[in-house]
$ cat structure_4.txt   # compact mmCIF, C-alpha atoms and all ligand atoms
# COMPACT_ATOMS: atom_id res chain seq x y z
CA MET H 1 183.09 91.33 128.45
CA SER H 2 184.12 88.61 125.98
CA SER H 3 184.45 88.86 122.21
CA PRO H 4 182.21 86.58 120.18
CA THR H 5 183.26 83.12 119.00
CA VAL H 6 181.34 81.73 116.03
CA LEU H 7 180.79 77.98 115.64
CA VAL H 8 178.87 76.66 112.65
CA ASN H 9 177.05 73.34 112.30
CA ARG H 10 175.75 71.86 109.07
CA ASP H 11 172.03 72.15 109.76
CA ALA H 12 169.44 72.85 112.46
CA GLU H 13 169.35 69.27 113.69
CA GLY H 14 173.14 69.08 114.00
CA LEU H 15 173.11 72.44 115.76
CA ALA H 16 170.50 71.28 118.28
CA HIS H 17 172.48 68.16 119.14
CA ALA H 18 175.78 70.07 119.41
CA VAL H 19 174.22 72.66 121.73
CA ALA H 20 172.59 69.92 123.80
CA ALA H 21 175.97 68.20 124.28
CA ARG H 22 177.60 71.51 125.20
CA PHE H 23 174.76 72.27 127.64
CA ILE H 24 175.10 68.94 129.44
CA THR H 25 178.89 69.32 129.65
CA ARG H 26 178.64 72.86 130.99
CA LEU H 27 176.17 71.89 133.70
CA VAL H 28 178.27 68.91 134.74
CA ASP H 29 181.33 71.17 134.97
CA VAL H 30 179.52 73.73 137.12
CA GLN H 31 178.08 71.06 139.40
CA SER H 32 181.44 69.33 139.77
CA SER H 33 182.73 72.44 141.50
CA GLY H 34 179.93 72.06 144.05
CA GLU H 35 177.77 74.89 142.77
CA ILE H 36 174.11 75.00 141.86
CA ALA H 37 173.99 75.69 138.12
CA GLN H 38 172.15 78.87 137.09
CA VAL H 39 170.63 78.56 133.63
CA VAL H 40 168.58 80.99 131.55
CA LEU H 41 166.31 79.42 128.94
CA THR H 42 165.00 81.02 125.79
CA GLY H 43 162.10 80.34 123.44
CA GLY H 44 161.76 79.73 119.73
CA ARG H 45 162.07 76.89 117.24
CA VAL H 46 165.69 75.93 117.63
CA ALA H 47 165.53 76.23 121.42
CA ALA H 48 162.77 73.62 121.50
CA ALA H 49 164.95 71.30 119.38
CA VAL H 50 167.86 71.79 121.80
CA TYR H 51 165.63 70.96 124.80
CA ARG H 52 164.35 67.81 123.10
CA ALA H 53 167.91 66.76 122.27
CA VAL H 54 168.96 67.23 125.92
CA ALA H 55 165.94 65.23 127.13
CA GLU H 56 166.72 62.42 124.66
CA SER H 57 170.45 62.27 125.41
CA PRO H 58 171.61 59.37 127.60
CA ALA H 59 174.23 61.80 128.97
CA ARG H 60 171.48 63.79 130.70
CA SER H 61 171.81 61.41 133.66
CA ALA H 62 175.22 62.98 134.42
CA ILE H 63 173.37 66.09 135.66
CA ASP H 64 171.81 66.41 139.09
CA TRP H 65 168.71 68.17 137.76
CA GLY H 66 167.52 69.01 141.26
CA ARG H 67 170.55 71.28 141.58
CA VAL H 68 169.85 73.41 138.52
CA GLU H 69 168.13 76.77 138.88
CA PHE H 70 166.10 77.59 135.74
CA TRP H 71 165.26 81.14 134.65
CA TRP H 72 163.85 82.62 131.44
CA GLY H 73 165.25 85.48 129.37
CA ASP H 74 161.82 86.56 128.18
CA GLU H 75 158.22 85.47 128.09
CA ARG H 76 155.06 86.08 126.15
CA PHE H 77 152.58 87.53 128.70
CA LEU H 78 149.81 84.97 128.27
CA PRO H 79 147.77 82.74 130.59
CA ASP H 80 149.45 79.81 132.31
CA GLY H 81 149.79 76.79 130.04
CA ASP H 82 149.30 78.76 126.82
CA PRO H 83 151.20 76.85 124.08
CA GLU H 84 152.82 80.11 122.95
CA ARG H 85 154.53 80.63 126.31
CA ASN H 86 158.25 79.92 126.36
CA GLU H 87 157.71 78.21 129.70
CA THR H 88 155.17 75.76 128.23
CA GLN H 89 157.58 74.87 125.44
CA ALA H 90 160.52 74.26 127.81
CA ARG H 91 158.40 72.17 130.18
CA GLU H 92 157.07 69.99 127.37
CA ALA H 93 160.43 69.53 125.67
CA LEU H 94 162.73 69.19 128.69
CA LEU H 95 161.63 70.03 132.22
CA SER H 96 158.87 67.43 132.39
CA HIS H 97 161.37 64.73 131.38
CA VAL H 98 163.98 65.27 134.10
CA GLU H 99 163.86 65.39 137.91
CA VAL H 100 163.91 69.15 138.49
CA ASP H 101 163.31 70.71 141.88
CA PRO H 102 160.07 72.70 141.31
CA ALA H 103 161.32 75.36 143.75
CA ARG H 104 164.29 75.98 141.46
CA VAL H 105 162.19 76.49 138.31
CA HIS H 106 161.43 80.19 137.87
CA PRO H 107 159.09 80.87 134.94
CA MET H 108 158.21 84.48 134.31
CA PRO H 109 154.69 85.16 135.61
CA ALA H 110 151.71 84.24 133.48
CA ASP H 111 148.91 86.71 132.80
CA THR H 112 146.50 86.25 135.70
CA GLY H 113 144.95 89.70 135.49
CA GLN H 114 147.84 91.68 136.98
CA THR H 115 149.65 94.24 134.83
CA ALA H 116 152.78 93.29 132.90
CA GLU H 117 154.63 95.86 135.02
CA GLU H 118 153.56 94.06 138.20
CA ALA H 119 154.64 90.77 136.69
CA ALA H 120 158.06 92.22 135.74
CA ASP H 121 158.54 93.58 139.27
CA ALA H 122 157.58 90.20 140.76
CA TYR H 123 160.21 88.50 138.59
CA ALA H 124 162.84 91.03 139.64
CA ALA H 125 162.03 90.20 143.28
CA GLU H 126 162.39 86.48 142.53
CA LEU H 127 165.82 87.05 140.99
CA ALA H 128 166.88 89.16 143.97
CA ALA H 129 165.76 86.46 146.41
CA VAL H 130 168.18 83.98 144.83
CA ALA H 131 171.07 86.41 144.20
CA GLY H 132 173.89 86.03 146.69
CA PRO H 133 176.42 88.43 148.17
CA GLY H 134 178.82 87.81 145.24
CA ASP H 135 176.18 88.79 142.66
CA ARG H 136 175.47 92.30 141.37
CA ASP H 137 172.29 94.36 141.22
CA GLY H 138 170.05 91.65 142.61
CA VAL H 139 170.67 89.26 139.71
CA PRO H 140 172.27 85.80 140.12
CA THR H 141 175.37 85.35 138.00
CA PHE H 142 174.14 82.92 135.37
CA ASP H 143 176.34 80.04 134.22
CA VAL H 144 174.66 79.72 130.83
CA LEU H 145 172.28 82.18 129.23
CA MET H 146 170.77 80.92 125.97
CA LEU H 147 169.28 83.37 123.51
CA GLY H 148 167.57 83.20 120.14
CA VAL H 149 167.73 86.04 117.64
CA GLY H 150 164.83 87.29 115.52
CA PRO H 151 165.15 88.13 111.83
CA ASP H 152 164.94 91.79 112.92
CA GLY H 153 167.84 91.34 115.39
CA HIS H 154 165.68 91.21 118.51
CA VAL H 155 166.96 89.33 121.50
CA ALA H 156 164.85 88.08 124.43
CA SER H 157 161.88 90.49 123.99
CA LEU H 158 164.06 93.55 123.30
CA PHE H 159 163.09 94.75 119.82
CA PRO H 160 164.87 97.25 117.54
CA GLU H 161 164.09 100.91 118.29
CA HIS H 162 161.69 99.92 121.10
CA PRO H 163 161.56 102.00 124.31
CA ALA H 164 162.32 98.91 126.45
CA LEU H 165 165.85 98.99 125.01
CA GLN H 166 166.58 102.07 127.09
CA VAL H 167 165.71 100.48 130.42
CA ASP H 168 168.94 100.15 132.36
CA ASP H 169 167.76 100.75 135.92
CA ARG H 170 166.09 97.38 136.62
CA PRO H 171 166.59 93.75 135.61
CA VAL H 172 163.14 93.02 134.19
CA VAL H 173 160.88 95.13 131.99
CA ALA H 174 157.32 94.95 130.71
CA VAL H 175 157.21 95.21 126.92
CA HIS H 176 154.13 96.64 125.21
CA GLY H 177 153.53 96.87 121.48
CA SER H 178 155.91 94.07 120.52
CA PRO H 179 156.13 93.88 116.71
CA LYS H 180 156.08 90.08 117.03
CA PRO H 181 152.91 88.60 118.62
CA PRO H 182 151.82 88.59 121.30
CA PRO H 183 152.09 92.34 121.84
CA THR H 184 152.69 92.15 125.59
CA ARG H 185 155.79 90.47 126.91
CA ILE H 186 158.24 90.47 129.80
CA SER H 187 161.98 90.56 129.26
CA LEU H 188 165.26 90.68 131.09
CA THR H 189 166.95 94.02 130.36
CA PHE H 190 170.49 94.49 129.03
CA PRO H 191 172.02 94.82 132.52
CA ALA H 192 170.52 91.45 133.55
CA LEU H 193 171.39 89.78 130.23
CA SER H 194 174.97 90.87 130.87
CA ARG H 195 175.22 88.96 134.16
CA ALA H 196 176.13 85.60 132.61
CA HIS H 197 179.49 83.86 132.53
CA GLU H 198 178.54 82.35 129.17
CA VAL H 199 176.09 83.77 126.65
CA TRP H 200 175.07 81.37 123.88
CA PHE H 201 173.21 82.69 120.87
CA VAL H 202 171.59 79.69 119.20
CA VAL H 203 170.39 80.60 115.73
CA SER H 204 169.24 78.63 112.69
CA GLY H 205 167.68 79.51 109.37
CA GLU H 206 168.39 81.78 106.43
CA ASP H 207 165.85 84.36 107.63
CA LYS H 208 168.28 85.13 110.48
CA ALA H 209 171.41 85.48 108.30
CA LYS H 210 171.28 89.25 107.90
CA ALA H 211 170.68 89.87 111.62
CA VAL H 212 173.56 87.54 112.50
CA ARG H 213 175.90 89.33 110.08
CA LEU H 214 174.95 92.75 111.44
CA ALA H 215 175.26 91.63 115.08
CA LEU H 216 178.76 90.33 114.40
CA SER H 217 179.78 93.40 112.42
CA GLY H 218 179.41 95.95 115.19
CA ALA H 219 175.80 97.08 114.63
CA GLY H 220 174.36 99.37 117.30
CA ARG H 221 172.04 98.27 120.10
CA PRO H 222 169.03 100.31 118.84
CA GLN H 223 169.14 98.63 115.40
CA ILE H 224 170.29 95.10 116.33
CA PRO H 225 169.70 94.51 120.06
CA ALA H 226 171.44 91.10 119.90
CA ALA H 227 174.73 92.90 119.17
CA ALA H 228 174.73 94.38 122.67
CA VAL H 229 174.69 91.18 124.76
CA LYS H 230 178.00 89.66 125.79
CA GLY H 231 179.04 87.06 128.35
CA LEU H 232 181.40 87.86 131.22
CA SER H 233 183.73 85.01 130.14
CA ARG H 234 182.39 83.74 126.81
CA THR H 235 180.04 84.78 124.05
CA LEU H 236 179.25 81.96 121.64
CA TRP H 237 177.33 82.29 118.40
CA LEU H 238 176.16 78.72 117.69
CA LEU H 239 174.79 78.71 114.17
CA ASP H 240 173.74 76.47 111.33
CA GLU H 241 175.08 77.05 107.82
CA SER H 242 171.96 78.97 106.78
CA ALA H 243 172.16 81.44 109.66
CA ALA H 244 175.90 81.82 109.07
CA SER H 245 175.59 82.27 105.31
CA GLU H 246 176.26 86.02 105.27
CA ILE H 247 179.11 86.28 107.76
CA PRO H 248 182.66 86.66 106.46
CA ASP H 249 184.87 83.54 106.57
CA ASN H 250 187.45 85.19 108.81
CA ILE H 251 185.10 85.28 111.81
CA ARG H 252 183.98 81.64 111.53
CA ALA H 253 185.68 78.82 113.36
CA PRO H 254 185.94 75.57 111.35
CA ARG H 255 182.68 73.65 111.03
CA THR H 256 181.93 71.21 113.88
O1 LIG H 301 159.49 85.53 120.39
C1 LIG H 301 160.56 85.03 120.58
O2 LIG H 301 161.38 84.80 119.51
C2 LIG H 301 162.77 84.57 119.65
C3 LIG H 301 163.27 83.81 118.42
O3 LIG H 301 162.41 82.75 118.09
P1 LIG H 301 162.59 81.89 116.76
O4 LIG H 301 161.44 80.93 116.71
O5 LIG H 301 162.61 82.82 115.60
O6 LIG H 301 163.91 81.16 116.89
C4 LIG H 301 163.08 83.90 120.97
O7 LIG H 301 164.46 83.91 121.18
C5 LIG H 301 162.38 84.58 122.13
O8 LIG H 301 162.71 83.96 123.37
C6 LIG H 301 160.92 84.49 121.91
O9 LIG H 301 160.15 85.06 122.95
$ encode --input "structure_4.txt" --output "structure tokens"
Amino acid sequence: MSSPTVLVNRDAEGLAHAVAARFITRLVDVQSSGEIAQVVLTGGRVAAAVYRAVAESPARSAIDWGRVEFWWGDERFLPDGDPERNETQAREALLSHVEVDPARVHPMPADTGQTAEEAADAYAAELAAVAGPGDRDGVPTFDVLMLGVGPDGHVASLFPEHPALQVDDRPVVAVHGSPKPPPTRISLTFPALSRAHEVWFVVSGEDKAKAVRLALSGAGRPQIPAAAVKGLSRTLWLLDESAASEIPDNIRAPRT
């Protein structure tokens, strides 16, 4: 597991464009070695800005979008097309603007009347169907896994002191009683979130500053779930000045 690297941008817009450039470069690098890129998307305000910046970048044409496999780290368990779904946001901001292969886009199931547990199991089966012999526990090894962080330190849909934090025996879990609406969600678990070469936390805003400081200061998984996710090769904390405002200078790289 890698130790965190902190990179700070001036503001949310600068952060979104910097992450978009990094995202395009990373995918080009993976594809240049002949592999299909495995990407995990997140939800939230800054994520949407990153997706829009990728879609608007002329450099997006360097990516063979049909050879990118898209997954989600968590989802709000709502009907298909609901504007609050992370899938809907990513489709509107990015996926509908590039030539993806629909068979390689793997949204978490929408609420169609099945239970959230059934939906979580179905997603685990979908991950296992794509995982290869070199992957562990039925989860593809992701090239980039993007995550937001809540003001309470939640990551994906793993909330502080919530029972879903304890689930280590499967890659996907149904979350009930989420403190942030909607109450029912689906999330990758810690073991699955730990199957990424690169984990990128993308965080903006002063309301996240305390959670960021605690995550980078060795807080425990029950209190600050984001502290417990690390990439196999790299863990990047990509922040704007507001989100970085409480972290000590010695753990910040120079501003980009
Ligand atoms: O509910 C969620 O919130 C977090 C953070 O969202 P933000 O708008 O505060 O940046 C997000 O990472 C997660 O995927 C989403 O389901």
$ closest_residue --input "structure_4.txt" --among "H:Ser204, H:Thr88, H:Ser178, H:Ser194" --to "Ala243 in chain H" --atoms "all atoms listed in the file"
H:Ser204
$ atom_distance --input "structure_4.txt" --atom1 "CA of His197 in chain H" --atom2 "CA of Phe142 in chain H"
6.1 Å
$ residues_near_ligand --input "structure_4.txt" --ligand "ligand LIG 301 (chain H)" --cutoff "6 Å" --atoms "all atoms listed in the file" --output "list in words"
Thr42, Gly43, Gly44, Arg45, Val46, Asp74, Glu75, Leu147, Gly148, Val149, Gly150, Val155, Ala156 and Ser157 of chain H
$ write_last_selection --input "structure_4.txt" --atoms "C-alpha atoms" --output "short mmCIF file (atom, residue, chain, number, x, y, z; two decimals), in the coordinates of the input"
data_model
loop_
_atom_site.label_atom_id
_atom_site.label_comp_id
_atom_site.auth_asym_id
_atom_site.auth_seq_id
_atom_site.Cartn_x
_atom_site.Cartn_y
_atom_site.Cartn_z
CA THR H 42 165.00 81.02 125.79
CA GLY H 43 162.10 80.34 123.44
CA GLY H 44 161.76 79.73 119.73
CA ARG H 45 162.07 76.89 117.24
CA VAL H 46 165.69 75.93 117.63
CA ASP H 74 161.82 86.56 128.18
CA GLU H 75 158.22 85.47 128.09
CA LEU H 147 169.28 83.37 123.51
CA GLY H 148 167.57 83.20 120.14
CA VAL H 149 167.73 86.04 117.64
CA GLY H 150 164.83 87.29 115.52
CA VAL H 155 166.96 89.33 121.50
CA ALA H 156 164.85 88.08 124.43
CA SER H 157 161.88 90.49 123.99
#
$ atom_distance --input "structure_4.txt" --atom1 "CA of Val144 in chain H" --atom2 "CA of Gly81 in chain H"
25.1 Å
$ atom_distance --input "structure_4.txt" --atom1 "CA of Val98 in chain H" --atom2 "CA of Met146 in chain H"
18.9 Å
$ decode --input "structure_4.txt" --residues "range 80-107 of chain H" --atoms "N, CA and C atoms" --output "PDB file, in the first residue's frame"
ATOM      1  N   ASP H  80     -33.695   4.207 -12.196  1.00  0.00           N
ATOM      2  CA  ASP H  80     -32.863   4.541 -13.354  1.00  0.00           C
ATOM      3  C   ASP H  80     -33.165   5.963 -13.840  1.00  0.00           C
ATOM      4  N   GLY H  81     -32.123   6.729 -14.098  1.00  0.00           N
ATOM      5  CA  GLY H  81     -32.301   8.075 -14.631  1.00  0.00           C
ATOM      6  C   GLY H  81     -32.540   9.131 -13.577  1.00  0.00           C
ATOM      7  N   ASP H  82     -32.675   8.727 -12.308  1.00  0.00           N
ATOM      8  CA  ASP H  82     -32.875   9.732 -11.260  1.00  0.00           C
ATOM      9  C   ASP H  82     -31.672  10.697 -11.260  1.00  0.00           C
ATOM     10  N   PRO H  83     -31.939  12.014 -11.216  1.00  0.00           N
ATOM     11  CA  PRO H  83     -30.822  12.972 -11.277  1.00  0.00           C
ATOM     12  C   PRO H  83     -29.857  12.856 -10.110  1.00  0.00           C
ATOM     13  N   GLU H  84     -30.292  12.237  -9.014  1.00  0.00           N
ATOM     14  CA  GLU H  84     -29.400  12.084  -7.857  1.00  0.00           C
ATOM     15  C   GLU H  84     -28.471  10.884  -7.991  1.00  0.00           C
ATOM     16  N   ARG H  85     -28.674  10.063  -9.007  1.00  0.00           N
ATOM     17  CA  ARG H  85     -27.774   8.907  -9.163  1.00  0.00           C
ATOM     18  C   ARG H  85     -26.404   9.363  -9.677  1.00  0.00           C
ATOM     19  N   ASN H  86     -25.358   8.759  -9.134  1.00  0.00           N
ATOM     20  CA  ASN H  86     -24.012   9.083  -9.607  1.00  0.00           C
ATOM     21  C   ASN H  86     -23.856   8.710 -11.079  1.00  0.00           C
ATOM     22  N   GLU H  87     -24.529   7.641 -11.474  1.00  0.00           N
ATOM     23  CA  GLU H  87     -24.486   7.232 -12.881  1.00  0.00           C
ATOM     24  C   GLU H  87     -25.040   8.326 -13.793  1.00  0.00           C
ATOM     25  N   THR H  88     -26.198   8.882 -13.421  1.00  0.00           N
ATOM     26  CA  THR H  88     -26.842   9.908 -14.258  1.00  0.00           C
ATOM     27  C   THR H  88     -25.897  11.098 -14.448  1.00  0.00           C
ATOM     28  N   GLN H  89     -25.266  11.481 -13.335  1.00  0.00           N
ATOM     29  CA  GLN H  89     -24.339  12.618 -13.375  1.00  0.00           C
ATOM     30  C   GLN H  89     -23.160  12.342 -14.321  1.00  0.00           C
ATOM     31  N   ALA H  90     -22.585  11.144 -14.204  1.00  0.00           N
ATOM     32  CA  ALA H  90     -21.404  10.824 -15.033  1.00  0.00           C
ATOM     33  C   ALA H  90     -21.791  10.702 -16.499  1.00  0.00           C
ATOM     34  N   ARG H  91     -22.977  10.166 -16.758  1.00  0.00           N
ATOM     35  CA  ARG H  91     -23.411  10.061 -18.169  1.00  0.00           C
ATOM     36  C   ARG H  91     -23.601  11.445 -18.765  1.00  0.00           C
ATOM     37  N   GLU H  92     -24.288  12.319 -18.000  1.00  0.00           N
ATOM     38  CA  GLU H  92     -24.563  13.669 -18.534  1.00  0.00           C
ATOM     39  C   GLU H  92     -23.281  14.454 -18.750  1.00  0.00           C
ATOM     40  N   ALA H  93     -22.341  14.333 -17.787  1.00  0.00           N
ATOM     41  CA  ALA H  93     -21.153  15.187 -17.836  1.00  0.00           C
ATOM     42  C   ALA H  93     -20.066  14.638 -18.747  1.00  0.00           C
ATOM     43  N   LEU H  94     -19.985  13.302 -18.881  1.00  0.00           N
ATOM     44  CA  LEU H  94     -18.875  12.734 -19.653  1.00  0.00           C
ATOM     45  C   LEU H  94     -19.286  11.629 -20.621  1.00  0.00           C
ATOM     46  N   LEU H  95     -19.937  10.592 -20.109  1.00  0.00           N
ATOM     47  CA  LEU H  95     -20.069   9.369 -20.917  1.00  0.00           C
ATOM     48  C   LEU H  95     -20.912   9.564 -22.169  1.00  0.00           C
ATOM     49  N   SER H  96     -21.846  10.529 -22.120  1.00  0.00           N
ATOM     50  CA  SER H  96     -22.655  10.752 -23.320  1.00  0.00           C
ATOM     51  C   SER H  96     -21.925  11.617 -24.348  1.00  0.00           C
ATOM     52  N   HIS H  97     -20.730  12.088 -24.006  1.00  0.00           N
ATOM     53  CA  HIS H  97     -19.979  12.959 -24.919  1.00  0.00           C
ATOM     54  C   HIS H  97     -18.807  12.247 -25.587  1.00  0.00           C
ATOM     55  N   VAL H  98     -18.561  11.000 -25.229  1.00  0.00           N
ATOM     56  CA  VAL H  98     -17.443  10.257 -25.817  1.00  0.00           C
ATOM     57  C   VAL H  98     -17.958   8.894 -26.279  1.00  0.00           C
ATOM     58  N   GLU H  99     -17.142   8.238 -27.150  1.00  0.00           N
ATOM     59  CA  GLU H  99     -17.614   7.001 -27.793  1.00  0.00           C
ATOM     60  C   GLU H  99     -17.305   5.787 -26.932  1.00  0.00           C
ATOM     61  N   VAL H 100     -18.045   5.643 -25.814  1.00  0.00           N
ATOM     62  CA  VAL H 100     -17.813   4.480 -24.958  1.00  0.00           C
ATOM     63  C   VAL H 100     -18.419   3.231 -25.596  1.00  0.00           C
ATOM     64  N   ASP H 101     -17.925   2.074 -25.160  1.00  0.00           N
ATOM     65  CA  ASP H 101     -18.563   0.810 -25.520  1.00  0.00           C
ATOM     66  C   ASP H 101     -19.596   0.518 -24.423  1.00  0.00           C
ATOM     67  N   PRO H 102     -20.900   0.538 -24.745  1.00  0.00           N
ATOM     68  CA  PRO H 102     -21.911   0.363 -23.702  1.00  0.00           C
ATOM     69  C   PRO H 102     -21.693  -0.915 -22.873  1.00  0.00           C
ATOM     70  N   ALA H 103     -21.103  -1.933 -23.477  1.00  0.00           N
ATOM     71  CA  ALA H 103     -20.870  -3.185 -22.740  1.00  0.00           C
ATOM     72  C   ALA H 103     -19.768  -3.036 -21.691  1.00  0.00           C
ATOM     73  N   ARG H 104     -18.998  -1.964 -21.810  1.00  0.00           N
ATOM     74  CA  ARG H 104     -17.922  -1.736 -20.828  1.00  0.00           C
ATOM     75  C   ARG H 104     -18.307  -0.668 -19.792  1.00  0.00           C
ATOM     76  N   VAL H 105     -19.538  -0.236 -19.798  1.00  0.00           N
ATOM     77  CA  VAL H 105     -20.009   0.732 -18.792  1.00  0.00           C
ATOM     78  C   VAL H 105     -20.853  -0.039 -17.779  1.00  0.00           C
ATOM     79  N   HIS H 106     -20.403  -0.026 -16.523  1.00  0.00           N
ATOM     80  CA  HIS H 106     -20.999  -0.875 -15.489  1.00  0.00           C
ATOM     81  C   HIS H 106     -21.574  -0.040 -14.346  1.00  0.00           C
ATOM     82  N   PRO H 107     -22.727   0.605 -14.560  1.00  0.00           N
ATOM     83  CA  PRO H 107     -23.343   1.319 -13.437  1.00  0.00           C
ATOM     84  C   PRO H 107     -23.810   0.327 -12.384  1.00  0.00           C
TER      85      PRO H 107
END
